[in-house]
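Colleague: I have a structure I would like to understand better, so I am pasting it below and will then ask my questions one at a time.
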Amino acid sequence: MATDTDVLIIGAGPTGLYAAYYAGFRGLRVAVVDSLPELGGQVTAMYPEKAILDVAGFPTVKGKELVEGLVAQASSARPVYHLDRTARTLEHHADHVTIGLDDGTEISAGAIIITAGIGKFSPRPLPAGDGWLGRGLEFFVPSFQPYVDKDVVIVGGGDSAFDWALHLEPVARSVALVHRREAFRAHERTVQAVRDSTVEIITRAQVTALRGDGVLEEVEISVDKQEPVVRPTQAVVAALGFVADLGPLQEWGIEVEKRHVVVSSTMQTSLERVFAAGDVTEYPGKVRLIAVGFGEAATAVNNAAVAIDPAAHVFPGHSSDA
């Protein structure tokens, strides 16, 4: 099946959704492709309940609420969504780009905007957790309800581990955070908030065994140079990070640096008519925040509009003038 559009956005996370809205604001037809079955990218898949603190105009907003607002905003552009599909191939032409999807669909567009975040991601496994996924072990926390009145162990020392510890502490019977080092990768403010809570932080330690009759009942925690400790646990969250893969994108001839797409100040990649925005991009001074992604999306769309129609202006006027 073949179809065409003005702008094709690859990635339906916050940056991609805002890019869809802005393309509509510029009067462009827009289509969006994402390998996940739902809109919202990593936020929907991993952090729907997480409080996001760096979006302008919102002192705090839950991930799922931010996505809901972005989807509603993007709806004004009437985007065509191609979800649960992966962009496989890219053919570059003088006046358009053709993207081939894994279901055989071919989409021709005047410009492409890659907002793929970190690409496809898979969680790093917990060595002791083999066979326990769905029986007490999880990698993400899309809802807090399953953890009510449970003894929870969170494994990891990054932002996700500390965020989930902080959010689960009010609903769980107990929360322990286990990390193999004494230093943490999480934001200092969040680390301090967890230290000030009832969460037990166990460092220089690892979860070395999960046990139970059908479902998880206890875990074994081995602390450096001490005898292993067994504690009642009905839920383990392995927040050990994930392995990211840009997938076929790396075969399109686009300049990539350490799994990120190199862009200019116009957000154009090394290929004409192919732009990028959000966490996937790389340039001097890059800061990976959702707020930054929104600005990059607007820059990418405005410059893509000129690539599609050289008579167009990069600056479209203010949205309040519409």
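We name chains A, B, ... following the order of the structure tokens; residues begin at 1 in each chain, and ligands are numbered from 1 as shown.
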Within 10 Å of range 94-106 of chain A, counting only C-alpha atoms, which residues qualify if same-chain residues fewer than 4 places away don't, as a short mmCIF file (atom, residue, chain, number, x, y, z; two decimals) with all heavy atoms, in the first residue's frame?

Modeller:
data_model
loop_
_atom_site.label_atom_id
_atom_site.label_comp_id
_atom_site.auth_asym_id
_atom_site.auth_seq_id
_atom_site.Cartn_x
_atom_site.Cartn_y
_atom_site.Cartn_z
N MET A 1 0.85 -1.19 0.00
CA MET A 1 0.00 0.00 0.00
C MET A 1 0.88 1.24 0.00
O MET A 1 1.87 1.31 0.73
CB MET A 1 -0.91 0.02 1.24
CG MET A 1 -1.87 1.18 1.26
SD MET A 1 -2.98 1.16 2.70
CE MET A 1 -1.84 1.60 4.01
N ALA A 2 0.54 2.22 -0.82
CA ALA A 2 1.30 3.46 -0.90
C ALA A 2 0.42 4.63 -0.50
O ALA A 2 -0.78 4.66 -0.80
CB ALA A 2 1.84 3.66 -2.31
N THR A 3 1.00 5.58 0.21
CA THR A 3 0.28 6.78 0.60
C THR A 3 1.26 7.94 0.61
O THR A 3 2.47 7.74 0.52
CB THR A 3 -0.35 6.59 2.00
OG1 THR A 3 -1.14 7.75 2.32
CG2 THR A 3 0.71 6.39 3.06
N ASP A 4 0.74 9.16 0.69
CA ASP A 4 1.63 10.31 0.71
C ASP A 4 1.15 11.33 1.72
O ASP A 4 -0.02 11.36 2.10
CB ASP A 4 1.76 10.92 -0.68
CG ASP A 4 0.49 11.63 -1.11
OD1 ASP A 4 -0.48 10.92 -1.48
OD2 ASP A 4 0.43 12.87 -1.06
N THR A 5 2.08 12.18 2.15
CA THR A 5 1.79 13.23 3.11
C THR A 5 2.82 14.33 2.95
O THR A 5 3.79 14.17 2.20
CB THR A 5 1.81 12.67 4.55
OG1 THR A 5 1.33 13.65 5.46
CG2 THR A 5 3.22 12.25 4.95
N ASP A 6 2.62 15.44 3.61
CA ASP A 6 3.62 16.51 3.57
C ASP A 6 4.78 16.22 4.51
O ASP A 6 5.95 16.29 4.14
CB ASP A 6 2.98 17.86 3.93
CG ASP A 6 1.97 18.32 2.89
OD1 ASP A 6 2.19 18.08 1.70
OD2 ASP A 6 0.94 18.90 3.30
N VAL A 7 4.44 15.90 5.76
CA VAL A 7 5.45 15.62 6.78
C VAL A 7 5.17 14.26 7.41
O VAL A 7 4.04 14.00 7.85
CB VAL A 7 5.47 16.70 7.88
CG1 VAL A 7 6.47 16.34 8.98
CG2 VAL A 7 5.82 18.06 7.30
N LEU A 8 6.18 13.42 7.47
CA LEU A 8 6.08 12.15 8.18
C LEU A 8 6.95 12.23 9.42
O LEU A 8 8.16 12.51 9.34
CB LEU A 8 6.55 10.98 7.30
CG LEU A 8 6.62 9.62 8.00
CD1 LEU A 8 5.24 9.18 8.48
CD2 LEU A 8 7.22 8.57 7.08
N ILE A 10 8.52 10.29 12.64
CA ILE A 10 8.86 8.94 13.10
C ILE A 10 9.10 9.00 14.61
O ILE A 10 10.13 9.46 15.08
CB ILE A 10 10.10 8.39 12.37
CG1 ILE A 10 9.83 8.35 10.86
CG2 ILE A 10 10.46 7.00 12.89
CD1 ILE A 10 11.03 7.93 10.04
N VAL A 33 4.45 7.71 12.62
CA VAL A 33 4.75 6.28 12.74
C VAL A 33 5.39 6.01 14.10
O VAL A 33 6.24 6.78 14.55
CB VAL A 33 5.72 5.82 11.62
CG1 VAL A 33 6.15 4.37 11.84
CG2 VAL A 33 5.08 5.96 10.26
N SER A 35 6.68 2.44 16.66
CA SER A 35 6.76 0.99 16.82
C SER A 35 5.94 0.50 18.00
O SER A 35 5.65 -0.70 18.09
CB SER A 35 8.21 0.55 16.99
OG SER A 35 8.80 1.18 18.12
N HIS A 82 0.21 5.62 12.31
CA HIS A 82 0.59 4.25 11.94
C HIS A 82 1.30 3.66 13.16
O HIS A 82 2.53 3.76 13.28
CB HIS A 82 1.51 4.25 10.72
CG HIS A 82 0.93 4.90 9.50
ND1 HIS A 82 0.20 4.20 8.56
CD2 HIS A 82 0.95 6.20 9.08
CE1 HIS A 82 -0.18 5.02 7.60
NE2 HIS A 82 0.25 6.24 7.90
N ASP A 84 2.29 0.65 16.12
CA ASP A 84 2.72 -0.75 16.15
C ASP A 84 3.38 -1.13 14.82
O ASP A 84 3.26 -2.26 14.37
CB ASP A 84 1.54 -1.67 16.46
CG ASP A 84 1.98 -2.99 17.07
OD1 ASP A 84 3.15 -3.09 17.51
OD2 ASP A 84 1.17 -3.93 17.10
N ARG A 85 4.07 -0.17 14.21
CA ARG A 85 4.75 -0.39 12.94
C ARG A 85 6.13 0.27 12.99
O ARG A 85 6.29 1.32 13.61
CB ARG A 85 3.94 0.17 11.77
CG ARG A 85 2.54 -0.40 11.68
CD ARG A 85 1.78 0.18 10.51
NE ARG A 85 0.34 0.06 10.73
CZ ARG A 85 -0.57 0.45 9.85
NH1 ARG A 85 -0.19 0.99 8.72
NH2 ARG A 85 -1.85 0.32 10.13
N THR A 86 7.06 -0.34 12.33
CA THR A 86 8.44 0.14 12.36
C THR A 86 8.85 0.66 10.99
O THR A 86 8.58 0.01 9.97
CB THR A 86 9.40 -0.98 12.79
OG1 THR A 86 9.03 -1.43 14.10
CG2 THR A 86 10.85 -0.50 12.81
N ALA A 87 9.48 1.82 10.96
CA ALA A 87 10.04 2.36 9.73
C ALA A 87 11.30 1.57 9.39
O ALA A 87 12.27 1.56 10.16
CB ALA A 87 10.35 3.84 9.89
N ARG A 88 11.30 0.89 8.24
CA ARG A 88 12.40 0.01 7.87
C ARG A 88 13.37 0.62 6.88
O ARG A 88 14.58 0.54 7.04
CB ARG A 88 11.83 -1.30 7.28
CG ARG A 88 11.13 -2.19 8.30
CD ARG A 88 12.13 -2.80 9.23
NE ARG A 88 11.49 -3.74 10.17
CZ ARG A 88 12.08 -4.26 11.22
NH1 ARG A 88 13.33 -3.94 11.48
NH2 ARG A 88 11.45 -5.09 12.02
N THR A 89 12.82 1.20 5.80
CA THR A 89 13.68 1.67 4.73
C THR A 89 13.44 3.14 4.43
O THR A 89 12.37 3.69 4.71
CB THR A 89 13.43 0.86 3.44
OG1 THR A 89 12.06 1.04 3.03
CG2 THR A 89 13.70 -0.61 3.68
N LEU A 90 14.46 3.79 3.86
CA LEU A 90 14.36 5.19 3.43
C LEU A 90 14.93 5.30 2.03
O LEU A 90 16.06 4.85 1.76
CB LEU A 90 15.11 6.11 4.39
CG LEU A 90 15.11 7.60 4.06
CD1 LEU A 90 15.18 8.42 5.34
CD2 LEU A 90 16.30 7.98 3.15
N GLY A 110 7.11 15.00 1.82
CA GLY A 110 7.98 16.09 1.43
C GLY A 110 9.14 16.27 2.38
O GLY A 110 10.20 16.76 1.99
N ALA A 111 8.96 15.86 3.63
CA ALA A 111 10.03 15.93 4.63
C ALA A 111 9.76 14.91 5.72
O ALA A 111 8.60 14.55 5.98
CB ALA A 111 10.14 17.33 5.23
N ILE A 112 10.82 14.46 6.35
CA ILE A 112 10.76 13.51 7.47
C ILE A 112 11.28 14.20 8.72
O ILE A 112 12.27 14.94 8.67
CB ILE A 112 11.64 12.27 7.19
CG1 ILE A 112 11.27 11.61 5.86
CG2 ILE A 112 11.54 11.27 8.34
CD1 ILE A 112 9.90 11.02 5.83
N GLU A 272 19.20 15.88 3.14
CA GLU A 272 18.21 16.92 2.88
C GLU A 272 16.81 16.34 3.05
O GLU A 272 16.56 15.17 2.79
CB GLU A 272 18.37 17.47 1.46
CG GLU A 272 19.65 18.27 1.26
CD GLU A 272 19.70 18.92 -0.11
OE1 GLU A 272 18.71 18.82 -0.86
OE2 GLU A 272 20.74 19.53 -0.42
N ARG A 273 15.89 17.18 3.52
CA ARG A 273 14.49 16.82 3.75
C ARG A 273 14.30 15.85 4.93
O ARG A 273 13.20 15.40 5.19
CB ARG A 273 13.83 16.21 2.49
CG ARG A 273 13.74 17.19 1.33
CD ARG A 273 13.07 16.57 0.12
NE ARG A 273 12.97 17.57 -0.95
CZ ARG A 273 11.94 18.39 -1.10
NH1 ARG A 273 10.91 18.30 -0.28
NH2 ARG A 273 11.92 19.27 -2.08
N VAL A 274 15.38 15.53 5.62
CA VAL A 274 15.29 14.65 6.78
C VAL A 274 15.76 15.44 8.01
O VAL A 274 16.93 15.83 8.10
CB VAL A 274 16.12 13.38 6.61
CG1 VAL A 274 15.99 12.48 7.85
CG2 VAL A 274 15.69 12.62 5.36
N ALA A 307 11.69 23.43 3.18
CA ALA A 307 12.21 22.38 2.31
C ALA A 307 11.12 21.87 1.37
O ALA A 307 11.38 21.56 0.20
CB ALA A 307 12.77 21.23 3.15
N ILE A 308 9.89 21.80 1.88
CA ILE A 308 8.77 21.34 1.07
C ILE A 308 8.35 22.41 0.06
O ILE A 308 8.07 22.11 -1.11
CB ILE A 308 7.58 20.97 1.99
CG1 ILE A 308 7.96 19.78 2.87
CG2 ILE A 308 6.32 20.66 1.17
CD1 ILE A 308 6.98 19.53 4.01
N ASP A 309 8.31 23.67 0.51
CA ASP A 309 7.91 24.78 -0.34
C ASP A 309 8.90 25.93 -0.15
O ASP A 309 8.80 26.68 0.82
CB ASP A 309 6.49 25.24 0.02
CG ASP A 309 6.04 26.44 -0.80
OD1 ASP A 309 6.74 26.81 -1.77
OD2 ASP A 309 4.97 27.01 -0.49
#

Colleague: As an exercise, work out the distance from CA of His313 in chain A to CA of Tyr22 in chain A in Å and give it to one decimal place.

Modeller: 14.4 Å

Colleague: Of the candidates A:Asp163, A:Asp130, A:Glu200, A:Glu138, which one gets nearest to Glu49 in chain A if we count only C-alpha atoms?

Modeller: A:Asp163

Colleague: Smallest atom-to-atom distance to Tyr47 in chain A: which of A:Thr15, A:Gln206, A:Ser143, A:Ser108, using only C-alpha atoms?

Modeller: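 Going through A:Thr15, A:Gln206, A:Ser143, A:Ser108 one by one, the smallest distance to Tyr47 in chain A is for A:Ser143.
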
Colleague: As a ChimeraX atom specification, please: all residues of range 64-272 of chain A that backbone DSSP puts in strand (DSSP E or B).

Modeller: /A:80-83,87-92,97-101,106-114,120-123,133,137-138,151-155,174-178,200-202,205-211,218-223,229-232,235-238,242-245,256-257,260-262,268

Colleague: Report the residues of range 122-299 of chain A whose backbone DSSP state falls under alpha helix (DSSP H), written as a PyMOL selection string.

Modeller: chain A and resi 159-168+188-195+290-299

Colleague: Between A:Ser319, A:Thr115, A:Ser197, A:Gln73, which is the closest to Leu249 in chain A once you count only C-alpha atoms?

Modeller: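 Among the listed residues, the smallest separation from Leu249 in chain A belongs to A:Thr115.
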
Colleague: For Leu53 in chain A, list every protein, DNA or RNA residue within 12 Å, evaluated using only C-alpha atoms, and leave out those in the same chain fewer than 3 positions away; present the list as a PyMOL selection string.

Modeller: chain A and resi 50+56-63+66+189-190+289-291

Colleague: Which residues are near Asp279 in chain A? Cut-off 10 Å, only C-alpha atoms, ignore same chain within fewer than 3 positions. Put them as a PyMOL selection string.

Modeller: chain A and resi 15+115-119+260-261+276+282+286-290+292-293+296

Colleague: Taking 4 positions as the minimum chain separation for residues in the same chain, which residues sit within 9 Å of Gly241 in chain A when counting only C-alpha atoms? Answer as a PyMOL selection string.

Modeller: chain A and resi 122-125+139+156+158+160

Colleague: Skipping near chain neighbours, those fewer than 6 positions away, what residues fall within 12 Å of Thr203 in chain A using only C-alpha atoms, listed as a ChimeraX atom specification?

Modeller: /A:154-157,176-184,221-224

Colleague: Would you mind listing what lies within 8 Å of Phe144 in chain A as a JSON list (two decimals) with N, CA, C and O atoms, in the first residue's frame, with only C-alpha atoms counted and same-chain residues fewer than 3 positions away left out?

Modeller:
[["chain", "number", "residue", "atom", "x", "y", "z"],
["A", 49, "GLU", "N", 2.64, 7.38, 35.39],
["A", 49, "GLU", "CA", 2.29, 7.94, 36.69],
["A", 49, "GLU", "C", 3.36, 8.88, 37.24],
["A", 49, "GLU", "O", 3.17, 9.51, 38.28],
["A", 141, "VAL", "N", 6.64, 0.47, 35.99],
["A", 141, "VAL", "CA", 5.51, 0.65, 36.91],
["A", 141, "VAL", "C", 4.47, 1.56, 36.24],
["A", 141, "VAL", "O", 4.42, 2.77, 36.49],
["A", 147, "TYR", "N", 0.62, -2.41, 43.71],
["A", 147, "TYR", "CA", 1.61, -2.43, 44.79],
["A", 147, "TYR", "C", 1.04, -2.02, 46.14],
["A", 147, "TYR", "O", 1.78, -1.95, 47.12],
["A", 148, "VAL", "N", -0.25, -1.78, 46.18],
["A", 148, "VAL", "CA", -0.89, -1.38, 47.43],
["A", 148, "VAL", "C", -0.72, -2.47, 48.48],
["A", 148, "VAL", "O", -0.99, -3.65, 48.23],
["A", 167, "HIS", "N", 7.27, 7.27, 44.65],
["A", 167, "HIS", "CA", 5.84, 7.20, 44.34],
["A", 167, "HIS", "C", 5.16, 6.00, 45.00],
["A", 167, "HIS", "O", 3.98, 6.05, 45.33],
["A", 168, "LEU", "N", 5.90, 4.90, 45.20],
["A", 168, "LEU", "CA", 5.30, 3.71, 45.80],
["A", 168, "LEU", "C", 5.29, 3.75, 47.33],
["A", 168, "LEU", "O", 4.49, 3.06, 47.96],
["A", 171, "VAL", "N", 1.91, 4.04, 49.12],
["A", 171, "VAL", "CA", 0.87, 3.02, 48.90],
["A", 171, "VAL", "C", 1.31, 1.62, 49.32],
["A", 171, "VAL", "O", 0.49, 0.78, 49.68]]
